[in-house]
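Worksheet: one structure, shown below.
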Amino acid sequence: MKIQEADAKSLLLAQGLPVPGWEVARTATEARAAAERALAAGAEQVVIKAQVLVGGRGKAGGVKLASSADEAEAVAGRILGMDIKDITVRKVLVAAAADIVKEYYLSAVLDRSARRILLMGSAEGGVEIEQVAVATPEAITYQHADPYLGLLDHQARRLAFAMDLGPHWKAGVAIAKGLVRTMQAHDADLVEINPLAVVREGGAGSGDGSGERLVCLDAKVTLDDSALARHPELEALRDPDEEDPTDQLAREAGISFIKLDGTIGCMVNGAGLAMTTMDLVKRAGGEPANFLDIGGGARADKVAAAMRLILADPKVDAILVNIFGGITRGDEVARGLIEARSLQERDVPMVVRIVGTNFEEAARLLQEAAFETAGSLDEAAAKAVAASGGAAA
Amino acid sequence: MKIQEADAKSLLLAQGLPVPGWEVARTATEARAAAERALAAGAEQVVIKAQVLVGGRGKAGGVKLASSADEAEAVAGRILGMDIKDITVRKVLVAAAADIVKEYYLSAVLDRSARRILLMGSAEGGVEIEQVAVATPEAITYQHADPYLGLLDHQARRLAFAMDLGPHWKAGVAIAKGLVRTMQAHDADLVEINPLAVVREGGAGSGDGSGERLVCLDAKVTLDDSALARHPELEALRDPDEEDPTDQLAREAGISFIKLDGTIGCMVNGAGLAMTTMDLVKRAGGEPANFLDIGGGARADKVAAAMRLILADPKVDAILVNIFGGITRGDEVARGLIEARSLQERDVPMVVRIVGTNFEEAARLLQEAAFETAGSLDEAAAKAVAASGGAAA
Amino acid sequence: MSILVGRHTRLVVQGITGREGGFHAAAMLEYGTLVVAGVTPGKGGQTALDGRVPVFDSVHRAVAETGADTSCIFVPAAGAPDAVMEAVDAGIRTIFCITEGIPALDMVPVVQAIRDAGARLIGPNCPGATSPGQAKVGIIPGSVHREGRVGVVSRSGTLTYEAVQAMTDAGIGQSTCVGIGGDPIIGTTFSDILALFAEDAETDALVLIGEIGGDAEEQAAGWAAEHLADIPKVAFIAGRTAPEGKRMGHAGAIISGASGTAQSKVDALEAAGFRVAGSPTELPTLLRDAGYAG
Amino acid sequence: MSILVGRHTRLVVQGITGREGGFHAAAMLEYGTLVVAGVTPGKGGQTALDGRVPVFDSVHRAVAETGADTSCIFVPAAGAPDAVMEAVDAGIRTIFCITEGIPALDMVPVVQAIRDAGARLIGPNCPGATSPGQAKVGIIPGSVHREGRVGVVSRSGTLTYEAVQAMTDAGIGQSTCVGIGGDPIIGTTFSDILALFAEDAETDALVLIGEIGGDAEEQAAGWAAEHLADIPKVAFIAGRTAPEGKRMGHAGAIISGASGTAQSKVDALEAAGFRVAGSPTELPTLLRDAGYAG
């Protein structure tokens with residue numbers, strides 16, 4: 001699960017990391033008030049940042065500076081309601097614009113290959129780390145946290161020295177350790193600070209030179225969905241503004257669902273088989289309307305929920321059900337389908353293929369209920385494409 | 001550092017372990033009030049337990065039952081002020097007497113040989129585990145916690161099953177894990193529950209049969225002195241009533257000091273050398289007045305404190321200083337001795353032996369200041385014994 | 001021979017008295033697997049599967065009493081990492097963890113402990129392994145198999161069944177079929193399994209079933225290019241038409257750079273001498289094209 | 001030969017810019033030890049000991065630049081466990097930790113990591129080791145030593161110096177003197193050091209200096225009885241007159257049963273063929289009585 005920048009910053013702050021203050025505004029008026037407070041506290045400018053769960057906000061015009069309350073209100077007004085990669089901006093973050101001396105990159109991520117937490121740091125901050133990895137791979141330094149003990153002090157120090165943090169190395173050590181703590185405390189997959197920045201404190205307006213400080217200027221956190229059940233505190237961070245009602249239904253039913261642009265609804269058990277089913281639908285000349293994995297051991301109620309998800313898309317004119325029973329039992333899926341069809345309002349042609357565990361009983365039930373069935377997956381895909389074409393014709 | 005039963009129970013309670021309620025009373029009147037509350041809450045009897053940092057309270061008459069408030073007051077009056085192994089009882093713990101079905105033993109201890117935390121459990125509870133270890137060693141079950149991950153669930157389960165906790169095995173698992181958490185949270189060397197007991201809840205007075213429950217009826221915790229600096233919460237548990245002013249001075253000066261019955265005060269660096277010095281004093285016909293290790297790298301102020309500690313004992317009639325410099329520098333000790341002697345009120349003959357690091361400078365300083373010195377340790381012991389005899393003669 | 005599981009496998013099922021554990025333990029027993037013990041804490045002394053399998057309180061007890069040498073875990077996610085630790089501590093050296101939904105960070109110390117002990121963990125969130133005609137451990141339906149000499153390794157669950165069924169339908173049997181699991185942190189990789197097949201005298205050809213995301217297939221291709229030049233090899237990659245950015249986490253993308261796409265995987269596998277199928281049903285034909293005559 | 005440290009030891013001193021670290025690093029250098037590097041985070045690029053030793057930010061850097069193979073740690077207690085972890089992670093295989101006052105539980109994972117890495121930790125709270133005429137690592141005053149063929153192992157600090165001085169004064173030199181440290185959790189035991197001496201061609205006799213508490217001396221005696229029958233062996237145990245119950249923790253008492261008293265240790269050592277001295281000054285005579293002619 002992705003969470004908003006402002007929420008990510010809250011998690012870091014709770015671990016004692018240096019994150020400059022911010023406010024979240026839902027209207028231009030709120031943004032103006034927040035800007036007024038920041039300017040009154042000595043900021044020369046404020047930054048207004050769209051809160052959306054996609055990258056590239058800056059390029060899309062979702063991050064702007066303002067030098068006055070009027071300007072802040074105007075800028076916030078333009079950003080709020082803007083669409084960034086199909087997501088409508090409903091909130092902005094307002095903060096004093098930092099006086100940046102130098103930008104760094106620091107992140108903690110779950111490294112699947114090494115099976116450990118990986119820390120990545122770079123003196124090339126403020127740009128996407130993927131670009132740095134391609135352009136100047138030697139500019140990135142890596143440290144794997146100990147699999148039993150987490151990030152050890154000396155590992156954090158080596159990271160900080162390799163990042164050339166200079167006099168800020170101790171702050172860098174504390175932040176690196178804080179990222180790993182954040183990751184462990186909330187079961188995050190990724191905790192990314194970009195930029196981690198040395199900023200001048202006090203600003204010119206305050207009249208004194210004051211010091212420099214290493215702070216987290218931006219924050220990105222993604223959470224392990226498998227661990228959400230044990231983190232009720234994180235469920236509160238789910239952003240209802242950004243979640244499609246269909247996505248919400250899918251999540252609540254425990255179904256993995258991604259809406260696509262085609263016409264053939266797919267209901268499959270297993271992610272790999274679901275992708276394969278989509279691949280074969282496309283190969284047979286059709287267009288899948290969705291990716292849908294009902295998961296292992298799916299029962300009748302899950303099948304019914306999956307059916308509702310698929311039919312919620314008005315473009316769907318055929319459904320392909322492909323179940324290969326293992327932990328999932330074919331007869332239960334068949335019963336679920338029969339029940340779901342009896343309740344569904346829209347009549348859409350359906351091709352059902354159930355093989356594996358308890359497939360004989362499933363076949364019997366489906367035959368009794370006069371479902372159209374298929375033997376091989378290729379055949380099922382072909383029949384579904386034909387059905388879809390037929391309806392469209 | 002040892003802590004009182006009541007404090008140990010507080011630490012366990014804070015980790016969520018089942019510890020029946022108790023109150024601490026400093027007077028018989030307070031004990032009466034506490035007993036009244038326990039009896040009013042349904043207890044048939046209350047138990048009154050002397051709070052002293054030594055074992056064998058029961059045998060010494062420091063643990064008694066009472067069936068009424070009057071009796072509780074009388075019993076508490078007898079226990080308060082009692083001396084148990086030279087310690088005067090100044091507090092008692094008052095609690096509802098448990099209706100014990102069966103007693104067990106459970107502890108977590110730092111196992112020096114295995115270099116891990118060791119859990120020990122036994123169905124033979126309520127008696128000293130050392131006795132069980134001798135009489136029926138097979139009645140004790142052992143589990144070493146994982147050195148990286150602590151006590152794993154399956155280890156706690158194996159312990160609980162081997163202890164024959166029957167239907168209470170899940171409670172046993174939770175308690176075993178809690179002991180290790182307590183140990184880790186406070187850097188304890190030992191967390192011991194004896195007895196861990198299955199008790200009948202509610203009591204006959206409450207009129208219902210109610211259930212049985214596994215609870216920690218007694219608790220003993222000793223803390224790692226090396227870790228106290230990072231546990232300010234534990235320093236508050238130090239019992240000023242039980243600490244000798246000399247012990248307090250020693251602790252504050254960072255000196256390891258144990259008062260003995262002899263006449264020759266010893267000031268040595270290193271515990272092994274300090275014991276050896278005592279051994280040789282005794283061999284030479286004298287009696288050491290104390291064990292005193294000024295520790296490594298001792299400076300002048302520590303030497304002065306050590307001198308005060310030794311001279312606080314009126315029986316001391318000679319002092320043997322034995323310093324073998326390594327991390328400790330001989331010249332600094334010599335300067336400390338010279339300064340300490342200039343300040344000391346009581347003039348006691350002193351034999352000084354300083355060898356090792358910077359011994360030449362030390363020798364020069366001591367010679368200038370006209371100290372009596374010695375070459376070998378045997379010689380130093382003989383001279384000190386002679387000086388002590390001379391003064392006593 | 002076969003790999004991982006076989007005729008001599010003595011299996012303990014952790015979580016045997018649960019719904020899934022009981023159902024699949026029965027299926028394994030029926031397939032012919034030596035299910036010698038079950039473990040459910042607190043149910044030691046009982047029996048499972050109509051009295052055919054004794055249940056113990058701990059894996060240690062099960063090993064001591066029955067000589068179990070392999071474990072299959074159906075314990076719910078909250079207890080599954082500890083169940084793996086228990087198995088390895090009890091001396092089990094081949095551990096299948098079927099459980100899905102285990103938080104990834106929970107597995108980090110577990111896979112390290114497995115390495116430290118010199119044991120092998122397959123999964124979690126894996127369907128297990130079957131050596132047709134000998135034994136099956138896990139949840140792969142026994143009916144899809146046929147005895148033979150092709151080794152199959154996959155990180156999908158049901159897609160594995162699909163691929164194996166296609167082979168069986170075409171008359172191509174398997175030496176062992178292994179599902180390594182699709183979780184972020186798994187105990188055994190494609191390369192590990194390929195290395196086992198490379199040493200197996202009764203495996204004459206290989207099938208690898210991958211999917212988009214991560215770089216496990218690319219790494220396996222690299223290993224195969226070096227060590228498996230002469231054996232017929234075919235592969236299938238799921239997700240060729242999946243829209244970008246929907247399944248691949250940012251994490252995986254950062255670390256593995258350009259890899260992770262279906263194209264990257266197909267390219268790597270083809271460069272390593274794999275023939276890559278467009279549908280699971282094409283696997284038998286490609287195997288024969290690659291020179292497999294079994 | 002000698003054990004642990006010698007002419008070829010390339011030493012890095014962790015905490016070299018601290019008061020104790022600097023003082024003793026200078027003494028080691030003066031003794032002839034190859035002090036090739038110092039480590040103090042944040043002071044990389046500077047030098048220590050009047051420009052004679054380069055300082056690095058990390059042990060990794062020190063190893064890479066100077067080929068250091070042994071470390072001596074003077075880092076304060078709060079940072080010392082991590083300093084050990086850093087040394088082992090940097091590939092150092094012989095690590096002396098002089099630091100005292102480290103909380104015991106902090107060392108539990110550290111000693112396990114040392115074992116897992118196949119490294120050796122001496123200490124913490126130990127005085128180090130000296131191979132007279134070759135190198136000294138730690139804080140044992142160089143002046144107490146004399147080159148020779150008697151191996152000394154002790155868990156005390158200053159008592160070790162006392163015993164070694166007595167030998168030197170009597171004309172008996174040492175191959176290596178090792179202080180293993182007196183903390184509850186230490187990396188290397190008496191038995192470990194005896195085993196090293198047993199393999200050392202230049203060690204002809206052994207001196208063991210113990211003290212009351214715990215059962216390390218009893219264990220060492222057991223090992224020696226089995227493996228060191230033919231070598232002259234003497235011992236000294238401190239604390240024969242210490243009152244009971246004052247130094248022995250409950251913990252040690254529980255685990256080791258009857259052992260821990262001076263008598264138990266003397267009995268065990270004598271049964272294993274050690275001659276046990278009543279004073280450190282008697283060690284030379286007893287060595288000669290035991291047949292040592294060096």
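Following the order of the structure tokens, chains are lettered A, B, ..., residues in each are numbered from 1, and ligands are numbered from 1.
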
What are the closest atom pairs, with distances in Å to one decimal, for all residues of chain D lying within 12 Å of chain C? Consider only C-alpha atoms, order rows by chain and residue number, and present the result as JSON lines.
{"residue": "D:Gln112", "atom": "CA", "partner": "C:Asp116", "partner_atom": "CA", "distance": 11.5}
{"residue": "D:Ala113", "atom": "CA", "partner": "C:Asp116", "partner_atom": "CA", "distance": 11.0}
{"residue": "D:Arg115", "atom": "CA", "partner": "C:Asp116", "partner_atom": "CA", "distance": 11.2}
{"residue": "D:Asp116", "atom": "CA", "partner": "C:Asp116", "partner_atom": "CA", "distance": 7.9}
{"residue": "D:Ala117", "atom": "CA", "partner": "C:Asp116", "partner_atom": "CA", "distance": 10.5}

Residues of chain C were defined as contacting chain B if any atom lay at most 12 Å from it, counting only C-alpha atoms; please report them as a PDB file with N, CA, C and O atoms, in the first residue's frame.
ATOM      1  N   VAL C  39       1.998 -32.293  13.393  1.00  0.00           N
ATOM      2  CA  VAL C  39       2.284 -31.503  14.590  1.00  0.00           C
ATOM      3  C   VAL C  39       1.211 -30.446  14.772  1.00  0.00           C
ATOM      4  O   VAL C  39       0.903 -29.704  13.831  1.00  0.00           O
ATOM      5  N   THR C  40       0.627 -30.405  15.948  1.00  0.00           N
ATOM      6  CA  THR C  40      -0.237 -29.308  16.366  1.00  0.00           C
ATOM      7  C   THR C  40      -0.024 -29.149  17.868  1.00  0.00           C
ATOM      8  O   THR C  40      -0.330 -30.063  18.631  1.00  0.00           O
ATOM      9  N   PRO C  41       0.556 -28.009  18.282  1.00  0.00           N
ATOM     10  CA  PRO C  41       0.811 -27.839  19.715  1.00  0.00           C
ATOM     11  C   PRO C  41      -0.481 -27.985  20.517  1.00  0.00           C
ATOM     12  O   PRO C  41      -1.515 -27.417  20.148  1.00  0.00           O
ATOM     13  N   GLY C  42      -0.418 -28.773  21.562  1.00  0.00           N
ATOM     14  CA  GLY C  42      -1.584 -28.976  22.414  1.00  0.00           C
ATOM     15  C   GLY C  42      -2.405 -30.192  22.014  1.00  0.00           C
ATOM     16  O   GLY C  42      -3.316 -30.598  22.726  1.00  0.00           O
ATOM     17  N   LYS C  43      -2.097 -30.770  20.827  1.00  0.00           N
ATOM     18  CA  LYS C  43      -2.842 -31.947  20.398  1.00  0.00           C
ATOM     19  C   LYS C  43      -1.965 -33.187  20.343  1.00  0.00           C
ATOM     20  O   LYS C  43      -2.299 -34.186  19.697  1.00  0.00           O
ATOM     21  N   GLY C  44      -0.795 -33.080  20.967  1.00  0.00           N
ATOM     22  CA  GLY C  44       0.100 -34.234  21.029  1.00  0.00           C
ATOM     23  C   GLY C  44      -0.625 -35.422  21.643  1.00  0.00           C
ATOM     24  O   GLY C  44      -1.382 -35.257  22.595  1.00  0.00           O
ATOM     25  N   PHE C  56       1.868 -34.805  17.197  1.00  0.00           N
ATOM     26  CA  PHE C  56       2.767 -34.460  18.291  1.00  0.00           C
ATOM     27  C   PHE C  56       2.657 -32.972  18.627  1.00  0.00           C
ATOM     28  O   PHE C  56       2.192 -32.172  17.819  1.00  0.00           O
ATOM     29  N   ASP C  57       3.135 -32.636  19.843  1.00  0.00           N
ATOM     30  CA  ASP C  57       3.115 -31.245  20.288  1.00  0.00           C
ATOM     31  C   ASP C  57       4.216 -30.409  19.639  1.00  0.00           C
ATOM     32  O   ASP C  57       4.128 -29.190  19.603  1.00  0.00           O
ATOM     33  N   SER C  58       5.287 -31.083  19.224  1.00  0.00           N
ATOM     34  CA  SER C  58       6.412 -30.343  18.662  1.00  0.00           C
ATOM     35  C   SER C  58       7.055 -31.144  17.549  1.00  0.00           C
ATOM     36  O   SER C  58       6.914 -32.380  17.488  1.00  0.00           O
ATOM     37  N   VAL C  59       7.753 -30.450  16.666  1.00  0.00           N
ATOM     38  CA  VAL C  59       8.448 -31.139  15.578  1.00  0.00           C
ATOM     39  C   VAL C  59       9.575 -32.003  16.156  1.00  0.00           C
ATOM     40  O   VAL C  59       9.848 -33.094  15.660  1.00  0.00           O
ATOM     41  N   HIS C  60      10.207 -31.507  17.238  1.00  0.00           N
ATOM     42  CA  HIS C  60      11.272 -32.286  17.867  1.00  0.00           C
ATOM     43  C   HIS C  60      10.776 -33.675  18.261  1.00  0.00           C
ATOM     44  O   HIS C  60      11.418 -34.683  18.005  1.00  0.00           O
ATOM     45  N   ARG C  61       9.612 -33.689  18.885  1.00  0.00           N
ATOM     46  CA  ARG C  61       8.998 -34.945  19.307  1.00  0.00           C
ATOM     47  C   ARG C  61       8.682 -35.809  18.083  1.00  0.00           C
ATOM     48  O   ARG C  61       8.921 -37.014  18.079  1.00  0.00           O
ATOM     49  N   ALA C  78       0.631 -15.950  10.894  1.00  0.00           N
ATOM     50  CA  ALA C  78       1.222 -15.388  12.114  1.00  0.00           C
ATOM     51  C   ALA C  78       2.196 -16.365  12.764  1.00  0.00           C
ATOM     52  O   ALA C  78       3.172 -15.947  13.373  1.00  0.00           O
ATOM     53  N   GLY C  79       1.957 -17.655  12.615  1.00  0.00           N
ATOM     54  CA  GLY C  79       2.820 -18.629  13.268  1.00  0.00           C
ATOM     55  C   GLY C  79       3.773 -19.349  12.327  1.00  0.00           C
ATOM     56  O   GLY C  79       4.613 -20.129  12.777  1.00  0.00           O
ATOM     57  N   ALA C  80       3.657 -19.088  11.028  1.00  0.00           N
ATOM     58  CA  ALA C  80       4.432 -19.871  10.063  1.00  0.00           C
ATOM     59  C   ALA C  80       5.945 -19.636  10.158  1.00  0.00           C
ATOM     60  O   ALA C  80       6.712 -20.603  10.085  1.00  0.00           O
ATOM     61  N   PRO C  81       6.411 -18.374  10.322  1.00  0.00           N
ATOM     62  CA  PRO C  81       7.875 -18.219  10.436  1.00  0.00           C
ATOM     63  C   PRO C  81       8.434 -19.023  11.609  1.00  0.00           C
ATOM     64  O   PRO C  81       9.476 -19.672  11.481  1.00  0.00           O
ATOM     65  N   ASP C  82       7.733 -19.018  12.723  1.00  0.00           N
ATOM     66  CA  ASP C  82       8.195 -19.804  13.865  1.00  0.00           C
ATOM     67  C   ASP C  82       8.139 -21.294  13.568  1.00  0.00           C
ATOM     68  O   ASP C  82       8.993 -22.058  14.016  1.00  0.00           O
ATOM     69  N   ALA C  83       7.143 -21.707  12.799  1.00  0.00           N
ATOM     70  CA  ALA C  83       7.042 -23.129  12.441  1.00  0.00           C
ATOM     71  C   ALA C  83       8.264 -23.550  11.623  1.00  0.00           C
ATOM     72  O   ALA C  83       8.792 -24.656  11.793  1.00  0.00           O
ATOM     73  N   VAL C  84       8.739 -22.655  10.749  1.00  0.00           N
ATOM     74  CA  VAL C  84       9.950 -22.960   9.981  1.00  0.00           C
ATOM     75  C   VAL C  84      11.147 -23.072  10.926  1.00  0.00           C
ATOM     76  O   VAL C  84      11.953 -24.004  10.838  1.00  0.00           O
ATOM     77  N   MET C  85      11.252 -22.111  11.853  1.00  0.00           N
ATOM     78  CA  MET C  85      12.355 -22.138  12.817  1.00  0.00           C
ATOM     79  C   MET C  85      12.317 -23.426  13.644  1.00  0.00           C
ATOM     80  O   MET C  85      13.350 -24.015  13.945  1.00  0.00           O
ATOM     81  N   GLU C  86      11.110 -23.846  14.004  1.00  0.00           N
ATOM     82  CA  GLU C  86      10.990 -25.071  14.789  1.00  0.00           C
ATOM     83  C   GLU C  86      11.474 -26.273  13.983  1.00  0.00           C
ATOM     84  O   GLU C  86      12.217 -27.117  14.494  1.00  0.00           O
ATOM     85  N   ALA C  87      11.072 -26.328  12.727  1.00  0.00           N
ATOM     86  CA  ALA C  87      11.469 -27.461  11.891  1.00  0.00           C
ATOM     87  C   ALA C  87      12.985 -27.534  11.755  1.00  0.00           C
ATOM     88  O   ALA C  87      13.595 -28.590  11.918  1.00  0.00           O
ATOM     89  N   VAL C  88      13.601 -26.387  11.483  1.00  0.00           N
ATOM     90  CA  VAL C  88      15.054 -26.401  11.277  1.00  0.00           C
ATOM     91  C   VAL C  88      15.748 -26.732  12.589  1.00  0.00           C
ATOM     92  O   VAL C  88      16.732 -27.484  12.616  1.00  0.00           O
ATOM     93  N   ASP C  89      15.232 -26.222  13.699  1.00  0.00           N
ATOM     94  CA  ASP C  89      15.830 -26.500  15.001  1.00  0.00           C
ATOM     95  C   ASP C  89      15.708 -27.981  15.361  1.00  0.00           C
ATOM     96  O   ASP C  89      16.556 -28.535  16.061  1.00  0.00           O
ATOM     97  N   ALA C  90      14.654 -28.603  14.851  1.00  0.00           N
ATOM     98  CA  ALA C  90      14.441 -30.025  15.147  1.00  0.00           C
ATOM     99  C   ALA C  90      15.254 -30.921  14.217  1.00  0.00           C
ATOM    100  O   ALA C  90      15.167 -32.140  14.296  1.00  0.00           O
ATOM    101  N   ASP C 106       9.229 -10.660   8.177  1.00  0.00           N
ATOM    102  CA  ASP C 106       9.279 -11.813   9.084  1.00  0.00           C
ATOM    103  C   ASP C 106      10.184 -12.907   8.535  1.00  0.00           C
ATOM    104  O   ASP C 106      10.738 -13.706   9.296  1.00  0.00           O
ATOM    105  N   VAL C 108      12.943 -12.517   6.730  1.00  0.00           N
ATOM    106  CA  VAL C 108      14.368 -12.169   6.586  1.00  0.00           C
ATOM    107  C   VAL C 108      15.246 -12.958   7.569  1.00  0.00           C
ATOM    108  O   VAL C 108      16.192 -13.633   7.147  1.00  0.00           O
ATOM    109  N   PRO C 109      14.955 -12.923   8.880  1.00  0.00           N
ATOM    110  CA  PRO C 109      15.795 -13.729   9.771  1.00  0.00           C
ATOM    111  C   PRO C 109      15.616 -15.225   9.550  1.00  0.00           C
ATOM    112  O   PRO C 109      16.561 -15.998   9.747  1.00  0.00           O
ATOM    113  N   VAL C 110      14.425 -15.632   9.132  1.00  0.00           N
ATOM    114  CA  VAL C 110      14.178 -17.069   8.953  1.00  0.00           C
ATOM    115  C   VAL C 110      15.038 -17.636   7.825  1.00  0.00           C
ATOM    116  O   VAL C 110      15.670 -18.683   7.989  1.00  0.00           O
ATOM    117  N   GLN C 112      17.790 -16.544   6.779  1.00  0.00           N
ATOM    118  CA  GLN C 112      19.186 -16.549   7.225  1.00  0.00           C
ATOM    119  C   GLN C 112      19.449 -17.746   8.141  1.00  0.00           C
ATOM    120  O   GLN C 112      20.484 -18.401   8.035  1.00  0.00           O
ATOM    121  N   ALA C 113      18.512 -18.009   9.049  1.00  0.00           N
ATOM    122  CA  ALA C 113      18.671 -19.151   9.962  1.00  0.00           C
ATOM    123  C   ALA C 113      18.725 -20.454   9.176  1.00  0.00           C
ATOM    124  O   ALA C 113      19.486 -21.370   9.504  1.00  0.00           O
TER     125      ALA C 113
END

Report task. Extract, using only C-alpha atoms, all DNA, RNA and protein residues at most 10 Å from Arg364 of chain A, discarding same-chain residues fewer than 6 positions from it, and format them as a list in words. Result -> Asp331, Ala334 and Ala370 of chain A

How would the residues just picked look written out with C-alpha atoms as a short mmCIF file (atom, residue, chain, number, x, y, z; two decimals), in the first residue's frame?
data_model
loop_
_atom_site.label_atom_id
_atom_site.label_comp_id
_atom_site.auth_asym_id
_atom_site.auth_seq_id
_atom_site.Cartn_x
_atom_site.Cartn_y
_atom_site.Cartn_z
CA ASP A 331 -16.76 -27.66 -6.48
CA ALA A 334 -18.78 -23.97 -9.12
CA ALA A 370 -26.08 -25.51 -17.96
#

Requested in this report: Tell me, as a ChimeraX atom specification, which residues lie within 10 Å of Asn290 of chain A, counting only C-alpha atoms; anything in the same chain fewer than 4 positions away does not count.
Outcome: /A:257-267,274-275,278,309-310,313,316 /C:242

Take the residues from that selection and put them in a file with N, CA and C atoms, as a tab-separated table (two decimals), in the first residue's frame.
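What ended up in again-v4.tsv:
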chain	number	residue	atom	x	y	z
A	257	PHE	N	-7.24	-7.28	-7.80
A	257	PHE	CA	-8.01	-6.85	-8.97
A	257	PHE	C	-7.38	-5.60	-9.57
A	258	ILE	N	-7.16	-5.63	-10.92
A	258	ILE	CA	-6.69	-4.42	-11.61
A	258	ILE	C	-7.56	-4.25	-12.84
A	259	LYS	N	-8.19	-3.10	-12.94
A	259	LYS	CA	-9.08	-2.84	-14.07
A	259	LYS	C	-8.26	-2.51	-15.30
A	260	LEU	N	-8.69	-3.08	-16.44
A	260	LEU	CA	-8.01	-2.78	-17.71
A	260	LEU	C	-9.04	-2.27	-18.71
A	261	ASP	N	-8.63	-2.16	-19.98
A	261	ASP	CA	-9.50	-1.49	-20.94
A	261	ASP	C	-10.35	-2.39	-21.83
A	262	GLY	N	-10.22	-3.71	-21.68
A	262	GLY	CA	-10.87	-4.60	-22.64
A	262	GLY	C	-12.32	-4.92	-22.31
A	263	THR	N	-12.80	-6.03	-22.91
A	263	THR	CA	-14.22	-6.39	-22.81
A	263	THR	C	-14.44	-7.75	-22.17
A	264	ILE	N	-13.37	-8.52	-22.01
A	264	ILE	CA	-13.54	-9.86	-21.47
A	264	ILE	C	-13.12	-9.91	-20.01
A	265	GLY	N	-14.10	-10.07	-19.16
A	265	GLY	CA	-13.82	-10.16	-17.74
A	265	GLY	C	-13.17	-11.49	-17.41
A	266	CYS	N	-12.13	-11.48	-16.56
A	266	CYS	CA	-11.42	-12.71	-16.22
A	266	CYS	C	-11.52	-12.97	-14.72
A	267	MET	N	-11.82	-14.21	-14.36
A	267	MET	CA	-11.79	-14.61	-12.96
A	267	MET	C	-10.91	-15.84	-12.86
A	274	ALA	N	-3.56	-16.00	-13.80
A	274	ALA	CA	-4.40	-14.88	-14.21
A	274	ALA	C	-3.71	-14.10	-15.33
A	275	MET	N	-2.40	-13.86	-15.19
A	275	MET	CA	-1.69	-13.15	-16.25
A	275	MET	C	-1.64	-13.99	-17.51
A	278	MET	N	-4.89	-13.73	-19.29
A	278	MET	CA	-4.94	-12.46	-20.04
A	278	MET	C	-4.12	-12.56	-21.33
A	309	LEU	N	-17.41	-7.51	-9.06
A	309	LEU	CA	-16.31	-6.65	-9.51
A	309	LEU	C	-16.25	-6.59	-11.02
A	310	ILE	N	-16.36	-7.77	-11.62
A	310	ILE	CA	-16.23	-7.84	-13.08
A	310	ILE	C	-17.40	-7.14	-13.75
A	313	ASP	N	-18.02	-3.25	-14.43
A	313	ASP	CA	-17.48	-2.58	-15.62
A	313	ASP	C	-18.47	-2.77	-16.77
A	316	VAL	N	-17.71	-4.84	-20.03
A	316	VAL	CA	-17.56	-6.30	-20.05
A	316	VAL	C	-18.75	-6.94	-20.76
C	242	ALA	N	0.62	-7.87	-19.61
C	242	ALA	CA	0.22	-7.08	-18.43
C	242	ALA	C	0.72	-5.65	-18.59

Query raised in the report: Among segment 63-104 of chain C, which ones does DSSP place in strand (DSSP E), written as number ranges by chain?
Result: C: 70-73, 94-97

Query raised in the report: Restricting the calculation to only C-alpha atoms, which member of A:Glu201, A:Asp279, A:Asp301, A:Asp146 is positioned closest to chain B?
Result: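 Going through A:Glu201, A:Asp279, A:Asp301, A:Asp146 one by one, the smallest distance to chain B is for A:Asp146.
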
Report task. Run DSSP on the backbone and grab whatever in segment 163-292 of chain D lands in alpha helix (DSSP H); send it over as JSON, numbers by chain. Result -> {"D": [163, 164, 165, 166, 167, 168, 169, 190, 191, 192, 193, 194, 195, 196, 197, 198, 216, 217, 218, 219, 220, 221, 222, 223, 224, 225, 226, 227, 250, 251, 252, 253, 254, 255, 256, 262, 263, 264, 265, 266, 267, 268, 269, 270, 271, 283, 284, 285, 286, 287, 288, 289]}

Query - Distance criterion (only C-alpha atoms): nearest to Phe23 of chain D out of B:His231, B:Ala381, B:Arg329, B:Gly61 - result: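 Distance minimum relative to Phe23 of chain D lands on B:Arg329.
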